[in-house]
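Structure file my_file.cif (mmCIF, C-alpha atoms) is printed below.
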```cif
data_model
loop_
_atom_site.label_atom_id
_atom_site.label_comp_id
_atom_site.auth_asym_id
_atom_site.auth_seq_id
_atom_site.Cartn_x
_atom_site.Cartn_y
_atom_site.Cartn_z
CA MET A 1 28.02 7.77 -24.69
CA GLN A 2 26.06 7.34 -21.48
CA LEU A 3 23.92 10.28 -20.40
CA THR A 4 25.04 11.76 -17.13
CA SER A 5 22.69 14.65 -16.40
CA SER A 6 19.05 15.66 -16.34
CA THR A 7 19.90 18.35 -18.90
CA ASP A 8 21.04 15.67 -21.38
CA ILE A 9 17.76 13.81 -20.92
CA ALA A 10 15.73 17.02 -21.28
CA ASN A 11 17.57 17.85 -24.51
CA LEU A 12 16.72 14.47 -25.99
CA ALA A 13 13.07 15.10 -25.14
CA LEU A 14 13.23 18.55 -26.76
CA MET A 15 14.80 17.08 -29.88
CA ARG A 16 11.93 14.59 -30.13
CA ILE A 17 9.47 17.49 -30.46
CA GLY A 18 11.61 19.71 -32.69
CA GLN A 19 12.62 22.29 -30.07
CA GLN A 20 15.92 24.01 -29.35
CA THR A 21 18.13 22.34 -26.75
CA ILE A 22 19.00 24.00 -23.45
CA SER A 23 22.21 24.66 -21.56
CA SER A 24 20.74 24.03 -18.10
CA LEU A 25 17.53 22.59 -16.74
CA THR A 26 17.37 25.38 -14.15
CA ASN A 27 17.78 28.29 -16.60
CA GLN A 28 14.83 30.53 -15.71
CA SER A 29 15.28 32.74 -18.80
CA ASP A 30 14.75 29.88 -21.28
CA PRO A 31 11.09 28.82 -21.86
CA ASN A 32 12.21 25.35 -22.95
CA ALA A 33 14.24 24.88 -19.77
CA ILE A 34 11.36 26.14 -17.62
CA ALA A 35 8.92 23.67 -19.24
CA CYS A 36 11.32 20.74 -18.78
CA ASN A 37 12.05 21.68 -15.17
CA VAL A 38 8.36 21.96 -14.27
CA ALA A 39 7.52 18.61 -15.90
CA TRP A 40 10.62 16.75 -14.70
CA GLY A 41 9.29 15.49 -11.36
CA GLN A 42 5.99 14.30 -12.84
CA ALA A 43 7.69 12.55 -15.75
CA LEU A 44 10.24 10.86 -13.48
CA GLY A 45 7.57 9.74 -11.01
CA GLU A 46 5.34 8.22 -13.70
CA VAL A 47 8.18 6.24 -15.27
CA SER A 48 9.49 5.09 -11.88
CA ARG A 49 6.07 3.64 -11.01
CA ALA A 50 5.40 2.18 -14.44
CA GLN A 51 7.25 -1.06 -13.70
CA PRO A 52 9.86 -2.50 -11.29
CA TRP A 53 12.99 -1.21 -13.04
CA SER A 54 16.15 -3.08 -12.11
CA CYS A 55 18.14 0.16 -11.83
CA LEU A 56 15.76 1.50 -9.15
CA LYS A 57 15.46 -1.60 -6.95
CA LYS A 58 16.42 -1.42 -3.32
CA ARG A 59 16.00 -3.65 -0.24
CA ALA A 60 14.69 -2.73 3.19
CA PHE A 61 13.61 -4.47 6.39
CA LEU A 62 10.69 -2.42 7.63
CA GLY A 63 10.06 -1.47 11.22
CA GLN A 64 6.55 -1.70 12.64
CA LEU A 65 4.57 1.47 13.09
CA THR A 66 4.42 2.68 16.66
CA PRO A 67 1.02 2.73 18.38
CA GLY A 68 1.08 6.51 18.26
CA GLN A 69 0.89 6.40 14.45
CA ASN A 70 -2.14 4.12 14.43
CA PRO A 71 -5.72 4.40 15.62
CA SER A 72 -6.25 2.78 19.01
CA PRO A 73 -7.23 -0.91 18.74
CA PRO A 74 -10.98 -1.38 19.11
CA VAL A 75 -12.39 -2.74 22.35
CA TRP A 76 -13.87 -6.20 21.77
CA PRO A 77 -16.68 -6.78 22.30
CA PRO A 78 -18.00 -3.21 21.88
CA VAL A 79 -19.42 -2.72 25.38
CA PRO A 80 -22.10 0.00 25.81
CA SER A 81 -21.27 2.60 28.43
CA THR A 82 -24.43 1.63 30.37
CA ALA A 83 -23.39 -2.01 30.77
CA THR A 84 -22.86 -3.27 34.33
CA THR A 85 -21.71 -6.52 35.83
CA TRP A 86 -24.63 -8.90 36.45
CA THR A 87 -25.45 -9.00 40.16
CA PRO A 88 -28.02 -11.19 41.99
CA GLY A 89 -31.02 -9.33 43.42
CA VAL A 90 -30.75 -6.34 41.07
CA ALA A 91 -33.85 -5.30 39.08
CA TYR A 92 -33.12 -5.06 35.34
CA ALA A 93 -35.24 -3.25 32.76
CA VAL A 94 -35.78 -4.32 29.14
CA ASN A 95 -32.73 -3.53 26.92
CA ALA A 96 -30.39 -3.22 29.88
CA TYR A 97 -26.86 -4.52 29.22
CA VAL A 98 -24.84 -6.68 31.58
CA ILE A 99 -21.52 -8.46 31.45
CA TYR A 100 -21.27 -11.99 32.75
CA ALA A 101 -18.18 -14.24 32.50
CA GLY A 102 -16.65 -11.88 29.95
CA TYR A 103 -19.68 -11.90 27.62
CA LEU A 104 -22.17 -9.16 26.86
CA TYR A 105 -25.92 -9.75 27.33
CA GLN A 106 -29.04 -7.68 26.69
CA CYS A 107 -32.26 -7.89 28.71
CA LEU A 108 -35.32 -9.27 26.88
CA ILE A 109 -37.69 -9.53 29.84
CA ALA A 110 -37.65 -7.19 32.83
CA ASN A 111 -36.62 -9.20 35.86
CA THR A 112 -35.07 -9.21 39.29
CA ALA A 113 -31.92 -11.27 39.10
CA SER A 114 -32.01 -14.61 40.87
CA THR A 115 -28.99 -16.23 42.46
CA SER A 116 -28.14 -18.00 39.19
CA PHE A 117 -27.49 -16.19 35.91
CA ALA A 118 -27.81 -19.49 34.04
CA TYR A 119 -31.31 -19.89 35.44
CA ASP A 120 -32.34 -16.38 34.32
CA LEU A 121 -30.79 -17.01 30.92
CA THR A 122 -32.77 -20.23 30.37
CA ARG A 123 -35.97 -18.38 31.36
CA GLY A 124 -35.40 -16.08 28.39
CA CYS A 125 -34.61 -12.98 30.39
CA TRP A 126 -31.30 -12.41 28.59
CA PHE A 127 -29.69 -13.02 25.22
CA GLN A 128 -26.04 -12.91 24.32
CA THR A 129 -25.34 -10.01 21.96
CA ASP A 130 -21.93 -11.18 20.80
CA THR A 131 -20.29 -14.61 20.59
CA TYR A 132 -16.79 -13.21 21.15
CA SER A 133 -15.14 -11.80 24.22
CA PRO A 134 -11.69 -10.78 25.46
CA ASN A 135 -11.63 -14.00 27.50
CA TYR A 136 -12.10 -16.01 24.30
CA LEU A 137 -10.03 -14.20 21.72
CA GLY A 138 -7.58 -12.24 23.82
CA PRO A 139 -6.42 -8.74 22.86
CA PRO A 140 -6.13 -7.82 19.16
CA GLN A 141 -2.88 -9.04 17.62
CA GLY A 142 -0.40 -6.86 15.81
CA ASN A 143 -0.38 -3.09 15.59
CA ALA A 144 -2.65 -2.27 12.66
CA GLY A 145 -5.40 -0.86 14.85
CA LEU A 146 -8.68 -0.11 13.10
CA LEU A 147 -7.41 -1.29 9.72
CA TYR A 148 -9.20 -4.54 10.35
CA GLU A 149 -8.19 -6.22 7.06
CA TRP A 150 -4.59 -6.43 8.24
CA THR A 151 -2.76 -7.35 11.41
CA PHE A 152 0.51 -5.41 11.10
CA GLY A 153 1.52 -1.97 9.85
CA TYR A 154 5.04 -1.03 8.71
CA GLU A 155 6.68 2.30 7.97
CA LEU A 156 7.80 2.69 4.35
CA PRO A 157 11.19 4.24 3.45
CA GLY A 158 11.25 7.93 2.58
CA ASP A 159 12.36 7.20 -1.01
CA PHE A 160 9.66 4.56 -1.60
CA VAL A 161 7.98 4.62 -5.03
CA LEU A 162 6.74 1.10 -5.85
CA LEU A 163 6.51 -2.19 -3.94
CA VAL A 164 8.18 -5.04 -5.86
CA GLU A 165 8.46 -7.94 -3.39
CA LEU A 166 7.25 -8.69 0.12
CA ASN A 167 9.06 -11.46 2.02
CA GLY A 168 10.30 -13.04 -1.20
CA THR A 169 6.92 -13.02 -2.95
CA CYS A 170 6.13 -10.75 -5.90
CA ALA A 171 3.87 -7.92 -4.76
CA TRP A 172 3.79 -5.85 -7.95
CA GLY A 173 0.74 -5.50 -10.17
CA SER A 174 -1.61 -8.49 -10.46
CA HIS A 175 0.92 -10.72 -8.64
CA ASN A 176 0.02 -9.13 -5.30
CA GLY A 177 -2.91 -11.48 -4.62
CA ARG A 178 -4.09 -9.12 -1.86
CA THR A 179 -1.30 -10.08 0.53
CA CYS A 180 -0.71 -6.44 1.48
CA GLU A 181 -1.89 -2.88 1.03
CA ILE A 182 -0.20 0.50 0.79
CA PHE A 183 -2.20 3.01 2.82
CA GLN A 184 -1.21 6.52 3.92
CA LYS A 185 2.53 6.01 3.38
CA ALA A 186 2.55 2.70 5.27
CA LEU A 187 2.48 -0.99 4.35
CA TYR A 188 -0.18 -3.19 5.93
CA THR A 189 -0.09 -6.98 5.86
CA ASN A 190 -0.78 -10.08 7.97
CA ALA A 191 2.90 -11.00 7.96
CA ALA A 192 4.72 -10.62 11.29
CA TYR A 193 7.75 -9.12 9.50
CA ALA A 194 8.27 -7.15 6.28
CA ASN A 195 11.39 -7.65 4.19
CA ILE A 196 10.80 -5.82 0.92
CA LYS A 197 12.25 -4.99 -2.45
CA TYR A 198 11.02 -1.69 -3.82
CA SER A 199 11.64 0.91 -6.50
CA ARG A 200 13.18 4.05 -5.04
CA TRP A 201 12.96 7.69 -6.01
CA GLU A 202 16.32 8.23 -7.71
CA PRO A 203 17.32 11.80 -8.66
CA ASP A 204 20.87 10.74 -9.65
CA THR A 205 20.66 10.22 -13.42
CA THR A 206 24.01 8.41 -13.54
CA ASN A 207 22.26 5.40 -11.98
CA TYR A 208 19.67 5.12 -14.75
CA ASP A 209 19.60 2.17 -17.08
CA PRO A 210 19.48 3.12 -20.82
CA LEU A 211 16.02 1.55 -21.04
CA PHE A 212 14.79 3.68 -18.14
CA THR A 213 16.35 6.77 -19.70
CA GLY A 214 14.62 6.07 -23.01
CA ALA A 215 11.25 5.81 -21.30
CA LEU A 216 11.86 9.02 -19.36
CA VAL A 217 12.78 10.88 -22.56
CA LEU A 218 9.54 9.82 -24.26
CA ASN A 219 7.36 10.62 -21.26
CA LEU A 220 8.95 14.04 -20.73
CA ALA A 221 8.54 14.85 -24.43
CA CYS A 222 4.91 13.81 -24.28
CA ILE A 223 4.19 16.13 -21.33
CA ILE A 224 5.89 19.26 -22.72
CA ALA A 225 5.08 18.85 -26.44
CA THR A 226 1.75 20.67 -26.64
CA HIS A 227 2.83 23.52 -24.36
CA LEU A 228 5.97 24.30 -26.35
CA ARG A 229 4.66 23.62 -29.86
CA LYS A 230 1.27 25.29 -29.34
CA ASP A 231 -0.31 22.63 -31.55
CA ASP A 232 -3.40 20.39 -31.42
CA ALA A 233 -1.76 17.75 -29.17
CA ARG A 234 -1.46 15.28 -32.03
CA LEU A 235 2.27 14.89 -31.50
CA SER A 236 1.78 14.47 -27.74
CA MET A 237 -0.77 11.69 -28.30
CA GLY A 238 1.58 9.96 -30.73
CA LEU A 239 4.40 10.14 -28.22
CA ARG A 240 2.11 8.74 -25.52
CA GLN A 241 1.38 5.70 -27.67
CA GLU A 242 5.08 5.29 -28.47
CA TYR A 243 5.85 5.52 -24.75
CA LYS A 244 3.39 2.71 -23.94
CA GLU A 245 4.88 0.47 -26.63
CA TYR A 246 8.40 1.29 -25.42
CA LEU A 247 7.44 0.32 -21.86
CA SER A 248 6.13 -3.04 -23.04
CA ASP A 249 9.38 -3.81 -24.86
CA ALA A 250 11.54 -2.48 -22.00
CA ARG A 251 9.61 -4.59 -19.48
CA MET A 252 10.57 -7.78 -21.31
CA LYS A 253 14.23 -6.79 -21.67
CA ASP A 254 14.54 -5.51 -18.13
CA GLY A 255 12.76 -8.56 -16.71
CA ALA A 256 15.02 -10.94 -18.66
CA GLU A 257 17.89 -9.95 -16.37
CA ILE A 258 16.13 -11.43 -13.35
CA LYS A 259 17.24 -15.00 -12.69
CA LEU A 260 14.40 -17.23 -11.57
CA ARG A 261 14.69 -18.52 -8.03
CA ARG A 262 14.67 -22.22 -7.36
CA TYR A 263 11.15 -23.49 -6.76
CA ASN A 264 10.34 -23.46 -3.06
CA PRO A 265 7.60 -26.00 -2.22
CA VAL A 266 6.86 -24.22 1.07
CA SER A 267 6.48 -20.63 -0.12
CA GLU A 268 4.68 -21.75 -3.29
CA SER A 269 2.29 -24.01 -1.42
CA ARG A 270 -1.38 -23.16 -1.97
CA PHE A 271 -2.00 -24.05 1.68
CA VAL A 272 0.63 -21.57 2.89
CA ARG A 273 -0.65 -18.85 0.53
CA SER A 274 -4.20 -19.41 1.76
CA ARG A 275 -3.09 -18.43 5.25
CA TYR A 276 -2.69 -14.86 4.02
CA ASN A 277 -6.13 -14.68 2.38
CA SER A 278 -8.33 -16.95 4.49
CA THR A 279 -11.13 -15.42 6.52
CA ASN A 280 -9.76 -17.43 9.43
CA GLY A 281 -6.55 -15.38 9.41
#
```

If you convert what's in this file into structure tokens, what do you get?
Amino acid sequence: MQLTSSTDIANLALMRIGQQTISSLTNQSDPNAIACNVAWGQALGEVSRAQPWSCLKKRAFLGQLTPGQNPSPPVWPPVPSTATTWTPGVAYAVNAYVIYAGYLYQCLIANTASTSFAYDLTRGCWFQTDTYSPNYLGPPQGNAGLLYEWTFGYELPGDFVLLVELNGTCAWGSHNGRTCEIFQKALYTNAAYANIKYSRWEPDTTNYDPLFTGALVLNLACIIATHLRKDDARLSMGLRQEYKEYLSDARMKDGAEIKLRRYNPVSESRFVRSRYNSTNG
């Protein structure tokens, strides 16, 4: 018979540690129910993030973060507040900053500007402090602001737990390949759009796969065992090891239900993948 409630799952966990079952997870007069209720959210969260369970998967097309949710893009180049536009006939002191043709320069030799900046530059009066300028690069792309590793930021769904795929490419565990980053409840990447698969927070136990339920039972039992039994935690440690072994077996069975996509020579190209990791953007 399929389990249909959190109370059923809690009772299985209690049975694993030799404790009396409960009539309701929210019964505040039953110590066993109180322990299960307190540990429920932690146990569910840990199992949900342990692997990309099929029963928790969901799709979403993410919207970009608005500028108000990001730090302001940096000014490039970083122009000192004392910098002025180079002007013929002006006397400049050592270490003065000027802007000429969109580039920033610092004074090496005190001088009175001639009619030609190029002439003063070749005399060694100035040196260029930065090889980039707004005229050369243009304004910063994307909306990621000061998170300089990434170009775009996207708002994650409210029920987000674990990223599984980003734009058709596996983004879970070691498969990520540094194509994205989760930071402060947002997804950052160099991709100009974000179509994701993710594991959701799912409080409805009727949607759980039996494999997911089994893992949740073991993890919940592990968390509450020592508190309820008042023992030396030996049983809890044994359950923790059993939980890890169960996850390994469940991962293979759960993953076997995923049909492999046809090989795509474009998305699998090393050249295309390098575009997301190259220092050239």

**Nearby residues (only C-alpha atoms) at most 8 Å from region 38-47 of chain A, same-chain spacing under 2 positions excluded, as a PyMOL selection string** = chain A and resi 34-36+49-51+161+201+212+215-216+219-220+223-224

**Message:** Once the PyMOL selection byres ((chain A and resi 199) around 12) has been evaluated on this model, what residues remain selected, and can you format them as JSON, numbers by chain?
**Reply:** {"A": [45, 47, 48, 49, 50, 51, 52, 53, 54, 55, 56, 57, 58, 59, 60, 156, 157, 158, 159, 160, 161, 162, 163, 164, 165, 171, 172, 196, 197, 198, 200, 201, 202]}

Those same residues, written as a PDB file, in the coordinates of the input with C-alpha atoms?
```pdb
ATOM      1  CA  GLY A  45       7.570   9.740 -11.010  1.00  0.00           C
ATOM      2  CA  VAL A  47       8.180   6.240 -15.270  1.00  0.00           C
ATOM      3  CA  SER A  48       9.490   5.090 -11.880  1.00  0.00           C
ATOM      4  CA  ARG A  49       6.070   3.640 -11.010  1.00  0.00           C
ATOM      5  CA  ALA A  50       5.400   2.180 -14.440  1.00  0.00           C
ATOM      6  CA  GLN A  51       7.250  -1.060 -13.700  1.00  0.00           C
ATOM      7  CA  PRO A  52       9.860  -2.500 -11.290  1.00  0.00           C
ATOM      8  CA  TRP A  53      12.990  -1.210 -13.040  1.00  0.00           C
ATOM      9  CA  SER A  54      16.150  -3.080 -12.110  1.00  0.00           C
ATOM     10  CA  CYS A  55      18.140   0.160 -11.830  1.00  0.00           C
ATOM     11  CA  LEU A  56      15.760   1.500  -9.150  1.00  0.00           C
ATOM     12  CA  LYS A  57      15.460  -1.600  -6.950  1.00  0.00           C
ATOM     13  CA  LYS A  58      16.420  -1.420  -3.320  1.00  0.00           C
ATOM     14  CA  ARG A  59      16.000  -3.650  -0.240  1.00  0.00           C
ATOM     15  CA  ALA A  60      14.690  -2.730   3.190  1.00  0.00           C
ATOM     16  CA  LEU A 156       7.800   2.690   4.350  1.00  0.00           C
ATOM     17  CA  PRO A 157      11.190   4.240   3.450  1.00  0.00           C
ATOM     18  CA  GLY A 158      11.250   7.930   2.580  1.00  0.00           C
ATOM     19  CA  ASP A 159      12.360   7.200  -1.010  1.00  0.00           C
ATOM     20  CA  PHE A 160       9.660   4.560  -1.600  1.00  0.00           C
ATOM     21  CA  VAL A 161       7.980   4.620  -5.030  1.00  0.00           C
ATOM     22  CA  LEU A 162       6.740   1.100  -5.850  1.00  0.00           C
ATOM     23  CA  LEU A 163       6.510  -2.190  -3.940  1.00  0.00           C
ATOM     24  CA  VAL A 164       8.180  -5.040  -5.860  1.00  0.00           C
ATOM     25  CA  GLU A 165       8.460  -7.940  -3.390  1.00  0.00           C
ATOM     26  CA  ALA A 171       3.870  -7.920  -4.760  1.00  0.00           C
ATOM     27  CA  TRP A 172       3.790  -5.850  -7.950  1.00  0.00           C
ATOM     28  CA  ILE A 196      10.800  -5.820   0.920  1.00  0.00           C
ATOM     29  CA  LYS A 197      12.250  -4.990  -2.450  1.00  0.00           C
ATOM     30  CA  TYR A 198      11.020  -1.690  -3.820  1.00  0.00           C
ATOM     31  CA  ARG A 200      13.180   4.050  -5.040  1.00  0.00           C
ATOM     32  CA  TRP A 201      12.960   7.690  -6.010  1.00  0.00           C
ATOM     33  CA  GLU A 202      16.320   8.230  -7.710  1.00  0.00           C
TER      34      GLU A 202
END
```

Taking 5 positions as the minimum chain separation for residues in the same chain, which residues sit within 8 Å of Gln64 (chain A) when counting all atoms listed in the file? Answer as a tab-separated table (two decimals) with C-alpha atoms, in the coordinates of the input.
```
chain	number	residue	atom	x	y	z
A	143	ASN	CA	-0.38	-3.09	15.59
A	152	PHE	CA	0.51	-5.41	11.10
A	153	GLY	CA	1.52	-1.97	9.85
A	154	TYR	CA	5.04	-1.03	8.71
A	155	GLU	CA	6.68	2.30	7.97
```

**Message:** Give me the residues near Ser23 (chain A) as a PyMOL selection string, where near means some atom within 9 Å (using all atoms listed in the file) and where sequence neighbours in that chain fewer than 6 positions away do not count.
**Reply:** chain A and resi 7+11+33

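Environment of (-33.0, -1.8, 30.4): residues at most 9 Å away, judged by all atoms listed in the file, are Tyr92, Ala93, Val94, Asn95, Ala96, Tyr97, Gln106, Cys107, Leu108 and Ala110 of chain A.
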
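Taking CA of Ser6 (chain A) and CA of Pro210 (chain A) as endpoints, the distance between them is 13.3 Å.
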
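Compared by their closest atoms to Tyr119 (chain A), and using only C-alpha atoms, the residues A:Gly238, A:Pro31, A:Pro88, A:Gly168 rank with A:Pro88 nearest.
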
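Once the PyMOL selection byres ((chain A and resi 183) around 12) is applied to the depicted file, the selected set reads Asn70, Ala144, Leu147, Glu149, Trp150, Gly153, Tyr154, Glu155, Leu156, Cys180, Glu181, Ile182, Gln184, Lys185, Ala186, Leu187, Tyr188 and Thr189 of chain A.
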
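You will find CA of Lys244 (chain A) at 21.6 Å from CA of Thr205 (chain A).
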
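CA of Thr21 (chain A) is positioned 18.4 Å from CA of Leu239 (chain A).
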
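Using only C-alpha atoms, the shortest contact distance between Thr66 (chain A) and any of A:Gly89, A:Gly142, A:Pro203, A:Gly214 is found at A:Gly142.
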
**Request:** Could you check which of A:Thr82, A:Asp30, A:Thr115, A:Gln128 is closest to Ala101 (chain A), using all atoms listed in the file?
**Result:** A:Gln128

**Message:** For the PyMOL selection byres ((chain A and resi 16) around 10), applied here, can you spell out every residue it catches as a PyMOL selection string?
**Reply:** chain A and resi 10-15+17-19+217-218+220-222+225+235+239

Complete region 74-106 of chain A with N, CA and C atoms (output as an mmCIF file, in the frame of the given file).
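Below you can see part.cif, which holds the result:
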```cif
data_model
loop_
_atom_site.group_PDB
_atom_site.id
_atom_site.type_symbol
_atom_site.label_atom_id
_atom_site.label_comp_id
_atom_site.auth_asym_id
_atom_site.auth_seq_id
_atom_site.Cartn_x
_atom_site.Cartn_y
_atom_site.Cartn_z
ATOM 1 N N PRO A 74 -9.615 -1.410 18.605
ATOM 2 C CA PRO A 74 -10.980 -1.380 19.110
ATOM 3 C C PRO A 74 -11.163 -2.286 20.320
ATOM 4 N N VAL A 75 -12.050 -1.894 21.215
ATOM 5 C CA VAL A 75 -12.390 -2.740 22.350
ATOM 6 C C VAL A 75 -13.317 -3.845 21.855
ATOM 7 N N TRP A 76 -13.068 -5.073 22.253
ATOM 8 C CA TRP A 76 -13.870 -6.200 21.770
ATOM 9 C C TRP A 76 -14.296 -7.065 22.946
ATOM 10 N N PRO A 77 -15.592 -7.301 23.138
ATOM 11 C CA PRO A 77 -16.680 -6.780 22.300
ATOM 12 C C PRO A 77 -16.944 -5.316 22.560
ATOM 13 N N PRO A 78 -17.672 -4.630 21.659
ATOM 14 C CA PRO A 78 -18.000 -3.210 21.880
ATOM 15 C C PRO A 78 -19.007 -3.085 23.008
ATOM 16 N N VAL A 79 -18.556 -2.738 24.196
ATOM 17 C CA VAL A 79 -19.420 -2.720 25.380
ATOM 18 C C VAL A 79 -20.084 -1.353 25.532
ATOM 19 N N PRO A 80 -21.424 -1.281 25.595
ATOM 20 C CA PRO A 80 -22.100 0.000 25.810
ATOM 21 C C PRO A 80 -21.690 0.609 27.143
ATOM 22 N N SER A 81 -21.694 1.912 27.207
ATOM 23 C CA SER A 81 -21.270 2.600 28.430
ATOM 24 C C SER A 81 -22.212 2.327 29.604
ATOM 25 N N THR A 82 -23.460 1.892 29.298
ATOM 26 C CA THR A 82 -24.430 1.630 30.370
ATOM 27 C C THR A 82 -24.331 0.215 30.921
ATOM 28 N N ALA A 83 -23.475 -0.619 30.334
ATOM 29 C CA ALA A 83 -23.390 -2.010 30.770
ATOM 30 C C ALA A 83 -22.802 -2.109 32.180
ATOM 31 N N THR A 84 -23.361 -3.019 32.967
ATOM 32 C CA THR A 84 -22.860 -3.270 34.330
ATOM 33 C C THR A 84 -22.616 -4.755 34.495
ATOM 34 N N THR A 85 -21.934 -5.113 35.532
ATOM 35 C CA THR A 85 -21.710 -6.520 35.830
ATOM 36 C C THR A 85 -22.985 -7.113 36.450
ATOM 37 N N TRP A 86 -23.407 -8.271 35.939
ATOM 38 C CA TRP A 86 -24.630 -8.900 36.450
ATOM 39 C C TRP A 86 -24.477 -9.205 37.942
ATOM 40 N N THR A 87 -25.497 -8.828 38.710
ATOM 41 C CA THR A 87 -25.450 -9.000 40.160
ATOM 42 C C THR A 87 -26.781 -9.568 40.653
ATOM 43 N N PRO A 88 -26.766 -10.632 41.449
ATOM 44 C CA PRO A 88 -28.020 -11.190 41.990
ATOM 45 C C PRO A 88 -28.812 -10.143 42.783
ATOM 46 N N GLY A 89 -30.138 -10.206 42.647
ATOM 47 C CA GLY A 89 -31.020 -9.330 43.420
ATOM 48 C C GLY A 89 -31.258 -7.961 42.805
ATOM 49 N N VAL A 90 -30.576 -7.641 41.702
ATOM 50 C CA VAL A 90 -30.750 -6.340 41.070
ATOM 51 C C VAL A 90 -31.907 -6.405 40.073
ATOM 52 N N ALA A 91 -32.740 -5.366 40.031
ATOM 53 C CA ALA A 91 -33.850 -5.300 39.080
ATOM 54 C C ALA A 91 -33.338 -4.738 37.760
ATOM 55 N N TYR A 92 -33.581 -5.473 36.657
ATOM 56 C CA TYR A 92 -33.120 -5.060 35.340
ATOM 57 C C TYR A 92 -34.305 -4.760 34.429
ATOM 58 N N ALA A 93 -34.198 -3.642 33.703
ATOM 59 C CA ALA A 93 -35.240 -3.250 32.760
ATOM 60 C C ALA A 93 -34.937 -3.820 31.383
ATOM 61 N N VAL A 94 -35.958 -3.852 30.517
ATOM 62 C CA VAL A 94 -35.780 -4.320 29.140
ATOM 63 C C VAL A 94 -34.713 -3.468 28.447
ATOM 64 N N ASN A 95 -33.837 -4.136 27.682
ATOM 65 C CA ASN A 95 -32.730 -3.530 26.920
ATOM 66 C C ASN A 95 -31.543 -3.117 27.788
ATOM 67 N N ALA A 96 -31.573 -3.463 29.054
ATOM 68 C CA ALA A 96 -30.390 -3.220 29.880
ATOM 69 C C ALA A 96 -29.265 -4.152 29.453
ATOM 70 N N TYR A 97 -28.019 -3.709 29.584
ATOM 71 C CA TYR A 97 -26.860 -4.520 29.220
ATOM 72 C C TYR A 97 -26.116 -4.940 30.488
ATOM 73 N N VAL A 98 -25.688 -6.206 30.495
ATOM 74 C CA VAL A 98 -24.840 -6.680 31.580
ATOM 75 C C VAL A 98 -23.699 -7.499 31.020
ATOM 76 N N ILE A 99 -22.647 -7.606 31.821
ATOM 77 C CA ILE A 99 -21.520 -8.460 31.450
ATOM 78 C C ILE A 99 -21.461 -9.597 32.444
ATOM 79 N N TYR A 100 -21.366 -10.813 31.897
ATOM 80 C CA TYR A 100 -21.270 -11.990 32.750
ATOM 81 C C TYR A 100 -20.242 -12.941 32.145
ATOM 82 N N ALA A 101 -19.239 -13.316 32.938
ATOM 83 C CA ALA A 101 -18.180 -14.240 32.500
ATOM 84 C C ALA A 101 -17.486 -13.753 31.229
ATOM 85 N N GLY A 102 -17.364 -12.429 31.091
ATOM 86 C CA GLY A 102 -16.650 -11.880 29.950
ATOM 87 C C GLY A 102 -17.486 -11.748 28.695
ATOM 88 N N TYR A 103 -18.800 -12.008 28.769
ATOM 89 C CA TYR A 103 -19.680 -11.900 27.620
ATOM 90 C C TYR A 103 -20.716 -10.809 27.863
ATOM 91 N N LEU A 104 -21.201 -10.245 26.784
ATOM 92 C CA LEU A 104 -22.170 -9.160 26.860
ATOM 93 C C LEU A 104 -23.579 -9.685 26.599
ATOM 94 N N TYR A 105 -24.529 -9.293 27.455
ATOM 95 C CA TYR A 105 -25.920 -9.750 27.330
ATOM 96 C C TYR A 105 -26.858 -8.545 27.372
ATOM 97 N N GLN A 106 -28.010 -8.707 26.693
ATOM 98 C CA GLN A 106 -29.040 -7.680 26.690
ATOM 99 C C GLN A 106 -30.329 -8.243 27.267
#
```
